[in-house]
>>> print(open('structure19.cif').read())   # mmCIF, N, CA, C and O atoms
data_my_file
#
loop_
_atom_site.label_atom_id
_atom_site.label_comp_id
_atom_site.auth_asym_id
_atom_site.auth_seq_id
_atom_site.Cartn_x
_atom_site.Cartn_y
_atom_site.Cartn_z
N MET A 10 -5.55 -6.10 9.32
CA MET A 10 -5.13 -6.76 8.11
C MET A 10 -3.72 -7.31 8.32
O MET A 10 -2.84 -6.60 8.80
N ARG A 11 -3.54 -8.54 7.96
CA ARG A 11 -2.22 -9.16 8.04
C ARG A 11 -1.33 -8.64 6.91
O ARG A 11 -1.82 -8.28 5.84
N LEU A 12 -0.05 -8.62 7.18
CA LEU A 12 0.89 -8.17 6.14
C LEU A 12 0.82 -9.05 4.90
O LEU A 12 0.97 -8.54 3.78
N THR A 13 0.58 -10.33 5.06
CA THR A 13 0.48 -11.20 3.88
C THR A 13 -0.68 -10.79 3.00
O THR A 13 -0.55 -10.77 1.77
N VAL A 14 -1.79 -10.42 3.60
CA VAL A 14 -2.96 -9.95 2.83
C VAL A 14 -2.62 -8.61 2.17
O VAL A 14 -2.95 -8.39 1.00
N PHE A 15 -1.98 -7.73 2.90
CA PHE A 15 -1.58 -6.45 2.34
C PHE A 15 -0.74 -6.64 1.08
O PHE A 15 -1.01 -6.05 0.04
N TRP A 16 0.31 -7.49 1.18
CA TRP A 16 1.20 -7.69 0.03
C TRP A 16 0.50 -8.41 -1.11
O TRP A 16 0.78 -8.14 -2.28
N GLN A 17 -0.45 -9.28 -0.81
CA GLN A 17 -1.24 -9.92 -1.86
C GLN A 17 -2.06 -8.88 -2.62
O GLN A 17 -2.11 -8.90 -3.85
N ARG A 18 -2.68 -7.98 -1.89
CA ARG A 18 -3.49 -6.93 -2.53
C ARG A 18 -2.61 -5.99 -3.36
O ARG A 18 -3.00 -5.58 -4.45
N MET A 19 -1.44 -5.66 -2.82
CA MET A 19 -0.51 -4.81 -3.59
C MET A 19 -0.13 -5.50 -4.90
O MET A 19 -0.17 -4.88 -5.97
N ALA A 20 0.20 -6.79 -4.84
CA ALA A 20 0.61 -7.53 -6.03
C ALA A 20 -0.55 -7.68 -7.01
O ALA A 20 -0.36 -7.58 -8.22
N GLU A 21 -1.75 -7.91 -6.50
CA GLU A 21 -2.93 -8.04 -7.37
C GLU A 21 -3.21 -6.74 -8.11
O GLU A 21 -3.60 -6.75 -9.27
N HIS A 22 -3.03 -5.61 -7.43
CA HIS A 22 -3.35 -4.34 -8.07
C HIS A 22 -2.22 -3.83 -8.96
O HIS A 22 -2.46 -3.40 -10.09
N PHE A 23 -0.98 -3.87 -8.47
CA PHE A 23 0.14 -3.28 -9.19
C PHE A 23 0.97 -4.27 -9.99
O PHE A 23 1.79 -3.87 -10.81
N GLY A 24 0.80 -5.57 -9.72
CA GLY A 24 1.68 -6.58 -10.28
C GLY A 24 2.81 -6.83 -9.30
O GLY A 24 3.22 -5.92 -8.57
N SER A 25 3.32 -8.04 -9.29
CA SER A 25 4.31 -8.40 -8.26
C SER A 25 5.59 -7.59 -8.37
O SER A 25 6.15 -7.19 -7.35
N GLY A 26 6.07 -7.32 -9.56
CA GLY A 26 7.30 -6.55 -9.72
C GLY A 26 7.13 -5.09 -9.36
O GLY A 26 7.93 -4.53 -8.60
N TYR A 27 6.08 -4.46 -9.86
CA TYR A 27 5.90 -3.04 -9.61
C TYR A 27 5.48 -2.75 -8.17
O TYR A 27 5.82 -1.70 -7.62
N SER A 28 4.77 -3.67 -7.54
CA SER A 28 4.33 -3.41 -6.17
C SER A 28 5.54 -3.24 -5.24
O SER A 28 5.52 -2.39 -4.35
N ASP A 29 6.58 -4.01 -5.46
CA ASP A 29 7.80 -3.86 -4.66
C ASP A 29 8.46 -2.50 -4.91
O ASP A 29 8.88 -1.83 -3.97
N THR A 30 8.55 -2.11 -6.17
CA THR A 30 9.14 -0.83 -6.53
C THR A 30 8.32 0.32 -5.96
O THR A 30 8.87 1.27 -5.38
N PHE A 31 7.01 0.24 -6.12
CA PHE A 31 6.12 1.27 -5.59
C PHE A 31 6.29 1.41 -4.08
O PHE A 31 6.44 2.52 -3.56
N ALA A 32 6.29 0.29 -3.38
CA ALA A 32 6.38 0.31 -1.92
C ALA A 32 7.72 0.88 -1.45
O ALA A 32 7.79 1.51 -0.40
N ARG A 33 8.74 0.69 -2.23
CA ARG A 33 10.08 1.14 -1.85
C ARG A 33 10.33 2.60 -2.22
O ARG A 33 11.02 3.32 -1.50
N ASP A 34 9.76 3.07 -3.35
CA ASP A 34 10.17 4.35 -3.93
C ASP A 34 9.13 5.48 -3.89
O ASP A 34 9.50 6.63 -3.97
N HIS A 35 7.85 5.16 -3.81
CA HIS A 35 6.81 6.19 -3.93
C HIS A 35 6.53 6.82 -2.56
O HIS A 35 5.95 6.18 -1.68
N VAL A 36 6.93 8.06 -2.39
CA VAL A 36 6.72 8.80 -1.14
C VAL A 36 5.33 9.44 -1.18
O VAL A 36 4.96 10.07 -2.18
N MET A 37 4.58 9.28 -0.11
CA MET A 37 3.23 9.83 -0.05
C MET A 37 3.09 10.75 1.16
O MET A 37 3.41 10.37 2.29
N ALA A 38 2.61 11.95 0.90
CA ALA A 38 2.37 12.91 1.99
C ALA A 38 1.40 12.33 3.01
O ALA A 38 1.53 12.58 4.21
N GLU A 39 0.44 11.55 2.54
CA GLU A 39 -0.58 10.96 3.41
C GLU A 39 0.01 9.96 4.40
O GLU A 39 -0.64 9.60 5.38
N LEU A 40 1.21 9.50 4.13
CA LEU A 40 1.91 8.60 5.05
C LEU A 40 2.99 9.36 5.83
O LEU A 40 3.96 8.77 6.30
N GLY A 41 2.82 10.65 5.92
CA GLY A 41 3.79 11.46 6.65
C GLY A 41 5.10 11.64 5.90
O GLY A 41 6.16 11.76 6.52
N GLY A 42 5.01 11.66 4.57
CA GLY A 42 6.21 11.81 3.76
C GLY A 42 7.04 10.54 3.71
O GLY A 42 8.25 10.59 3.54
N ARG A 43 6.38 9.41 3.86
CA ARG A 43 7.05 8.11 3.85
C ARG A 43 6.62 7.29 2.65
O ARG A 43 5.59 7.53 2.05
N THR A 44 7.43 6.27 2.37
CA THR A 44 7.02 5.25 1.41
C THR A 44 6.19 4.21 2.16
O THR A 44 6.11 4.23 3.41
N VAL A 45 5.59 3.29 1.43
CA VAL A 45 4.85 2.20 2.06
C VAL A 45 5.76 1.42 3.01
O VAL A 45 5.40 1.16 4.16
N ASN A 46 6.93 1.04 2.54
CA ASN A 46 7.86 0.28 3.38
C ASN A 46 8.24 1.05 4.64
O ASN A 46 8.27 0.48 5.74
N GLU A 47 8.53 2.33 4.50
CA GLU A 47 8.90 3.14 5.65
C GLU A 47 7.74 3.25 6.65
O GLU A 47 7.96 3.19 7.87
N ALA A 48 6.53 3.43 6.15
CA ALA A 48 5.36 3.53 7.03
C ALA A 48 5.15 2.22 7.80
O ALA A 48 4.91 2.24 9.02
N LEU A 49 5.24 1.11 7.11
CA LEU A 49 5.08 -0.18 7.78
C LEU A 49 6.18 -0.40 8.81
O LEU A 49 5.91 -0.85 9.93
N ASN A 50 7.40 -0.06 8.46
CA ASN A 50 8.53 -0.22 9.39
C ASN A 50 8.41 0.73 10.58
O ASN A 50 8.94 0.43 11.66
N ALA A 51 7.72 1.85 10.40
CA ALA A 51 7.52 2.82 11.48
C ALA A 51 6.36 2.44 12.40
O ALA A 51 6.07 3.14 13.36
N GLY A 52 5.68 1.33 12.07
CA GLY A 52 4.61 0.85 12.93
C GLY A 52 3.20 1.14 12.47
O GLY A 52 2.25 0.85 13.19
N TRP A 53 3.06 1.71 11.27
CA TRP A 53 1.71 1.93 10.75
C TRP A 53 1.02 0.59 10.56
O TRP A 53 1.64 -0.40 10.15
N ASP A 54 -0.27 0.55 10.81
CA ASP A 54 -1.06 -0.65 10.58
C ASP A 54 -1.20 -0.88 9.07
O ASP A 54 -1.43 0.07 8.32
N ALA A 55 -1.07 -2.13 8.65
CA ALA A 55 -1.15 -2.45 7.22
C ALA A 55 -2.48 -2.01 6.61
O ALA A 55 -2.53 -1.55 5.47
N LYS A 56 -3.56 -2.12 7.37
CA LYS A 56 -4.88 -1.70 6.87
C LYS A 56 -4.90 -0.20 6.58
O LYS A 56 -5.42 0.24 5.56
N ASP A 57 -4.31 0.58 7.47
CA ASP A 57 -4.26 2.03 7.26
C ASP A 57 -3.40 2.39 6.05
O ASP A 57 -3.76 3.28 5.27
N VAL A 58 -2.28 1.70 5.90
CA VAL A 58 -1.41 1.95 4.74
C VAL A 58 -2.14 1.58 3.46
O VAL A 58 -2.11 2.33 2.48
N TRP A 59 -2.85 0.45 3.47
CA TRP A 59 -3.60 0.03 2.28
C TRP A 59 -4.67 1.07 1.93
O TRP A 59 -4.87 1.40 0.77
N GLN A 60 -5.35 1.61 2.92
CA GLN A 60 -6.37 2.63 2.67
C GLN A 60 -5.76 3.86 2.02
O GLN A 60 -6.35 4.44 1.11
N VAL A 61 -4.58 4.27 2.47
CA VAL A 61 -3.90 5.41 1.87
C VAL A 61 -3.53 5.09 0.42
O VAL A 61 -3.77 5.90 -0.48
N VAL A 62 -2.96 3.92 0.18
CA VAL A 62 -2.60 3.52 -1.18
C VAL A 62 -3.84 3.55 -2.07
O VAL A 62 -3.80 4.06 -3.19
N CYS A 63 -4.95 3.04 -1.57
CA CYS A 63 -6.20 3.01 -2.35
C CYS A 63 -6.65 4.41 -2.73
O CYS A 63 -7.07 4.66 -3.87
N GLU A 64 -6.60 5.32 -1.78
CA GLU A 64 -7.02 6.70 -2.04
C GLU A 64 -6.09 7.40 -3.03
O GLU A 64 -6.54 8.03 -3.99
N VAL A 65 -4.79 7.30 -2.78
CA VAL A 65 -3.81 8.01 -3.60
C VAL A 65 -3.78 7.46 -5.03
O VAL A 65 -3.67 8.23 -5.99
N MET A 66 -3.90 6.16 -5.17
CA MET A 66 -3.74 5.52 -6.47
C MET A 66 -5.07 5.13 -7.12
O MET A 66 -5.10 4.44 -8.12
N ASP A 67 -6.17 5.62 -6.58
CA ASP A 67 -7.51 5.36 -7.13
C ASP A 67 -7.78 3.88 -7.39
O ASP A 67 -8.23 3.48 -8.45
N VAL A 68 -7.49 3.06 -6.37
CA VAL A 68 -7.79 1.64 -6.46
C VAL A 68 -9.32 1.48 -6.48
O VAL A 68 -10.01 2.10 -5.67
N PRO A 69 -9.83 0.71 -7.43
CA PRO A 69 -11.29 0.53 -7.51
C PRO A 69 -11.88 0.01 -6.19
O PRO A 69 -11.24 -0.77 -5.47
N GLN A 70 -13.06 0.44 -5.89
CA GLN A 70 -13.73 0.10 -4.63
C GLN A 70 -13.78 -1.40 -4.40
O GLN A 70 -13.59 -1.86 -3.27
N GLU A 71 -14.01 -2.18 -5.42
CA GLU A 71 -14.13 -3.63 -5.25
C GLU A 71 -12.82 -4.31 -4.87
O GLU A 71 -12.82 -5.46 -4.44
N LYS A 72 -11.70 -3.62 -5.01
CA LYS A 72 -10.40 -4.18 -4.63
C LYS A 72 -9.92 -3.69 -3.27
O LYS A 72 -8.85 -4.07 -2.83
N ARG A 73 -10.70 -2.83 -2.64
CA ARG A 73 -10.26 -2.23 -1.38
C ARG A 73 -10.50 -3.11 -0.20
O ARG A 73 -11.15 -3.80 0.17
#
>>> encode(input="structure19.cif", output="structure tokens")
Amino acid sequence: MRLTVFWQRMAEHFGSGYSDTFARDHVMAELGGRTVNEALNAGWDAKDVWQVVCEVMDVPQEKR
């Protein structure tokens, strides 16, 4: 998954303003105690990060 697609999906689900805040501030154990931004900067694949976000935040299946 390209980062542009990842950020589009984040904005579609959370809204453009909140998706940035969520990615910066929400620490998830499933990402090794990292935020979305930290996980991406650490080299995690965007698809894997999106899957974690979907699981943790109960994103509907049709948006995954």
>>> residues_around(input="structure19.cif", residues="Trp59 (chain A)", least_positions_apart="6", cutoff="8 Å", atoms="all atoms listed in the file", output="JSON, numbers by chain")
{"A": [15, 19, 65, 66, 68, 72, 73]}
>>> select_by_dssp(input="structure19.cif", residues="chain A", states="alpha helix (DSSP H)", output="PyMOL selection string")
chain A and resi 12-23+25-34+45-50+55-65
>>> residues_around(input="structure19.cif", residues="region 27-35 of chain A", least_positions_apart="2", cutoff="5 Å", atoms="all atoms listed in the file", output="list in words")
Met19, Phe23, Gly24, Ser25, Met37, Arg43, Thr44, Val45 and Asn46 of chain A
>>> resolve_selection(input="structure19.cif", expression="the PyMOL selection byres (((chain A and resi 58 and name CA) around 9) and name CA)", output="PyMOL selection string")
chain A and resi 15+40+45+48-49+53-57+59-63
>>> atom_distance(input="structure19.cif", atom1="CA of Asp67 (chain A)", atom2="atom O of Arg18 (chain A)")
12.1 Å
>>> atom_distance(input="structure19.cif", atom1="atom O of Leu12 (chain A)", atom2="atom C of Glu71 (chain A)")
16.8 Å
>>> atom_distance(input="structure19.cif", atom1="atom C of Gly26 (chain A)", atom2="atom O of Arg11 (chain A)")
17.9 Å
